[in-house]
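Q: Supplied in structure tokens, the structure appears directly below.
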Amino acid sequence: MRYLKAIAQDLHGNGHANTVILHFYQQRVGRPDELIHDIVGSDMSSCARWTGRSHHDALDLNKSRIASFADSFLRLNWFNPASHWRRTLVVYVDHFGKKGRPNSVKFDFRESTTSGGQASLVCNAAAYDGDSDGVLETFTNSDVDRNGVADNVDKELIRSLGTTFLGLTWYAH
Ligand SMILES: [Ca+2]
Ligand SMILES: [Ca+2]
């Protein structure tokens with residue numbers, strides 16, 4: 001299975017994340033998960049600059065799709081102070097429909113008590129394409145922006161995160 005681990009950081013200490021780190025992983029049987037692509041977006045609030053490297057093949061990810069996903073991710077306000085790695089979002093397709101299309105995208109919000117420490121699941125959410133037409137239409141009732149209410153704003157956030165994640169095509173059976 002493939003998954004994406006996203007980290008946002010507020011390096012300027014002004015209450016807004018300005019850096020996004022995207023790690024694209026491949027799970028391997030009997031071995032540690034392999035980091036395939038490592039992409040960093042800086043100055044996200046003004047003119048974003050993207051740098052990346054691949055530990056495997058050539059880096060063939062579409063930059064505008066990366067930027068779209070990062071924009072949705074930042075709207076969650078799930079970020080770290082300074083250069084900490086306590087809060088992460090892990091995104092993956094966990095089920096495929098009969099036609100082989102992804103029909104559920106999962107989002108795991110994880111947090112550790114120390115930077116880089118063992119993370120525990122704080123909240124999760126999911127988006128579903130039950131009829132395999134490529135459009136996500138059902139969403140869990142999750143308070144992903146953590147303002148205390150699970151409403152249509154959260155569903156729209158889950159929809160845009162799921163749609164932009166699927167655009168990256170980082171999934172495999
Ligand atoms: Ca659908
Ligand atoms: Ca909410």
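A note on labels: chains of the structure tokens are A, B, ... as shown, every chain counts residues from 1, and ligands are counted from 1 in their shown order.
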Within 12 Å of ligand 1, counting only C-alpha atoms and all ligand atoms: which residues, as a PyMOL selection string?
A: chain A and resi 97+101-104+127-139+159+163
Q: The selected residues should be written to file as a compact mmCIF listing (two decimals), in the first residue's frame (atoms: N, CA and C atoms).
A:
```txt
# COMPACT_ATOMS: atom_id res chain seq x y z
N GLY A 97 -12.98 -0.14 -5.68
CA GLY A 97 -14.25 -0.66 -6.19
C GLY A 97 -14.04 -1.76 -7.22
N ARG A 101 -11.18 1.24 -9.25
CA ARG A 101 -11.01 2.64 -8.85
C ARG A 101 -11.04 2.76 -7.33
N PRO A 102 -10.31 3.76 -6.80
CA PRO A 102 -10.37 3.96 -5.35
C PRO A 102 -11.80 4.27 -4.94
N ASN A 103 -12.33 3.63 -3.91
CA ASN A 103 -13.65 4.09 -3.46
C ASN A 103 -13.70 4.49 -2.00
N SER A 104 -12.54 4.49 -1.33
CA SER A 104 -12.52 5.21 -0.06
C SER A 104 -11.13 5.78 0.21
N ALA A 127 -13.57 9.76 2.99
CA ALA A 127 -14.40 10.19 1.86
C ALA A 127 -14.62 8.98 0.97
N TYR A 128 -15.85 8.86 0.42
CA TYR A 128 -16.20 7.65 -0.34
C TYR A 128 -16.73 7.99 -1.73
N ASP A 129 -16.30 7.17 -2.67
CA ASP A 129 -16.87 7.20 -4.02
C ASP A 129 -17.57 5.85 -4.21
N GLY A 130 -18.80 5.76 -3.68
CA GLY A 130 -19.50 4.47 -3.63
C GLY A 130 -19.88 3.92 -4.99
N ASP A 131 -20.11 4.81 -5.98
CA ASP A 131 -20.55 4.33 -7.30
C ASP A 131 -19.42 4.30 -8.33
N SER A 132 -18.17 4.49 -7.87
CA SER A 132 -16.99 4.39 -8.75
C SER A 132 -17.06 5.25 -10.01
N ASP A 133 -17.61 6.47 -9.85
CA ASP A 133 -17.62 7.37 -11.02
C ASP A 133 -16.49 8.40 -10.94
N GLY A 134 -15.59 8.23 -9.97
CA GLY A 134 -14.46 9.14 -9.85
C GLY A 134 -14.76 10.39 -9.03
N VAL A 135 -16.00 10.49 -8.53
CA VAL A 135 -16.39 11.67 -7.73
C VAL A 135 -16.73 11.21 -6.31
N LEU A 136 -16.07 11.81 -5.33
CA LEU A 136 -16.36 11.49 -3.93
C LEU A 136 -17.68 12.13 -3.54
N GLU A 137 -18.59 11.35 -2.98
CA GLU A 137 -19.90 11.93 -2.67
C GLU A 137 -20.36 11.73 -1.23
N THR A 138 -19.67 10.88 -0.45
CA THR A 138 -20.08 10.65 0.93
C THR A 138 -18.89 10.89 1.84
N PHE A 139 -19.17 11.53 2.98
CA PHE A 139 -18.08 11.92 3.88
C PHE A 139 -18.46 11.62 5.32
N ARG A 159 -13.85 16.71 1.29
CA ARG A 159 -14.03 16.51 -0.15
C ARG A 159 -12.83 17.05 -0.93
N THR A 163 -10.27 14.75 -3.01
CA THR A 163 -10.21 14.92 -4.46
C THR A 163 -8.80 15.28 -4.91
```
Q: Per residue of chain A within 9 Å of ligand 2, which atom pair is closest and at what distance in Å (one decimal), using only C-alpha atoms and all ligand atoms, listed by chain and increasing number, as a tab-separated table?
A:
```
residue	atom	partner	partner_atom_place_in_ligand_line	distance
A:Ser142	CA	ligand 2	1 (Ca)	7.3
A:Asp143	CA	ligand 2	1 (Ca)	4.1
A:Val144	CA	ligand 2	1 (Ca)	5.7
A:Asp145	CA	ligand 2	1 (Ca)	4.7
A:Arg146	CA	ligand 2	1 (Ca)	5.1
A:Asn147	CA	ligand 2	1 (Ca)	4.7
A:Gly148	CA	ligand 2	1 (Ca)	5.8
A:Val149	CA	ligand 2	1 (Ca)	4.4
A:Ala150	CA	ligand 2	1 (Ca)	4.4
A:Asp151	CA	ligand 2	1 (Ca)	5.8
A:Asn152	CA	ligand 2	1 (Ca)	8.1
A:Val153	CA	ligand 2	1 (Ca)	6.4
A:Asp154	CA	ligand 2	1 (Ca)	5.1
A:Lys155	CA	ligand 2	1 (Ca)	8.6
```
Q: Can you tell me which residues surround A:Arg49 at a distance of at most 12 Å, considering only C-alpha atoms, apart from same-chain residues fewer than 3 positions away, and format the answer as a PyMOL selection string?
A: chain A and resi 18-21+39-46+52+63-64+66-67+70
Q: With a distance cut-off of 7 Å and only C-alpha atoms, select the neighbouring residues of stretch 108-125 of chain A, excluding the residue or stretch itself and same-chain residues fewer than 6 positions from it, and output the selection as a ChimeraX atom specification.
A: /A:84-91,140,142
Q: Set the distance at 8 Å and use only C-alpha atoms: which residues neighbour A:Leu157 once local chain neighbours fewer than 6 positions away are removed? I'd like the list as a ChimeraX atom specification.
A: /A:72,75-76,144
Q: Once you have the residues from the selection above, write them out as a PDB file, in the first residue's frame, restricted to N, CA and C atoms.
A:
```pdb
ATOM      1  N   SER A  72      -5.418  22.570   0.388  1.00  0.00           N
ATOM      2  CA  SER A  72      -6.494  21.940   1.166  1.00  0.00           C
ATOM      3  C   SER A  72      -5.980  21.524   2.542  1.00  0.00           C
ATOM      4  N   ARG A  75      -5.740  24.288   5.098  1.00  0.00           N
ATOM      5  CA  ARG A  75      -7.039  24.758   5.609  1.00  0.00           C
ATOM      6  C   ARG A  75      -7.489  23.986   6.849  1.00  0.00           C
ATOM      7  N   LEU A  76      -6.848  22.858   7.144  1.00  0.00           N
ATOM      8  CA  LEU A  76      -7.177  22.087   8.349  1.00  0.00           C
ATOM      9  C   LEU A  76      -6.596  22.715   9.610  1.00  0.00           C
ATOM     10  N   VAL A 144     -12.998  18.060  11.208  1.00  0.00           N
ATOM     11  CA  VAL A 144     -11.586  18.070  10.810  1.00  0.00           C
ATOM     12  C   VAL A 144     -10.890  19.414  11.029  1.00  0.00           C
TER      13      VAL A 144
END
```
Q: Can you work out which one of A:Asp38, A:Ala8, A:Met1, A:Ser83 has the shortest atom-to-atom distance to A:Ser54, counting only C-alpha atoms?
A: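 For A:Ser54, the nearest of the candidates is A:Asp38.
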Q: How many Å lie between atom CA of A:His56 and atom CA of A:Asp71, rounded to one decimal?
A: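 Atom-to-atom, atom CA of A:His56 and atom CA of A:Asp71 are spaced 25.9 Å apart.
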Q: Write down as an NGL selection string the residues of stretch 107-156 of chain A whose backbone DSSP state falls under strand (DSSP E).
A: :A and (107-111 or 120-128 or 138-139)
Q: Taking 6 positions as the minimum chain separation for residues in the same chain, which residues sit within 12 Å of A:His55 when counting only C-alpha atoms? Answer as a PDB file with C-alpha atoms, in the first residue's frame.
A:
```
ATOM      1  CA  HIS A  23       6.406  12.318   2.292  1.00  0.00           C
ATOM      2  CA  PHE A  24       5.198   9.672  -0.150  1.00  0.00           C
ATOM      3  CA  TYR A  25       5.641   6.196   1.275  1.00  0.00           C
ATOM      4  CA  GLN A  26       5.426   2.687  -0.056  1.00  0.00           C
ATOM      5  CA  GLU A  34      10.110   3.147   2.013  1.00  0.00           C
ATOM      6  CA  LEU A  35      10.156   6.927   1.506  1.00  0.00           C
ATOM      7  CA  ILE A  36       9.818   7.336  -2.270  1.00  0.00           C
ATOM      8  CA  HIS A  37       9.306  11.097  -2.712  1.00  0.00           C
ATOM      9  CA  ASP A  38      10.155  13.880  -0.303  1.00  0.00           C
ATOM     10  CA  ILE A  39       8.685  17.278  -1.223  1.00  0.00           C
TER      11      ILE A  39
END
```
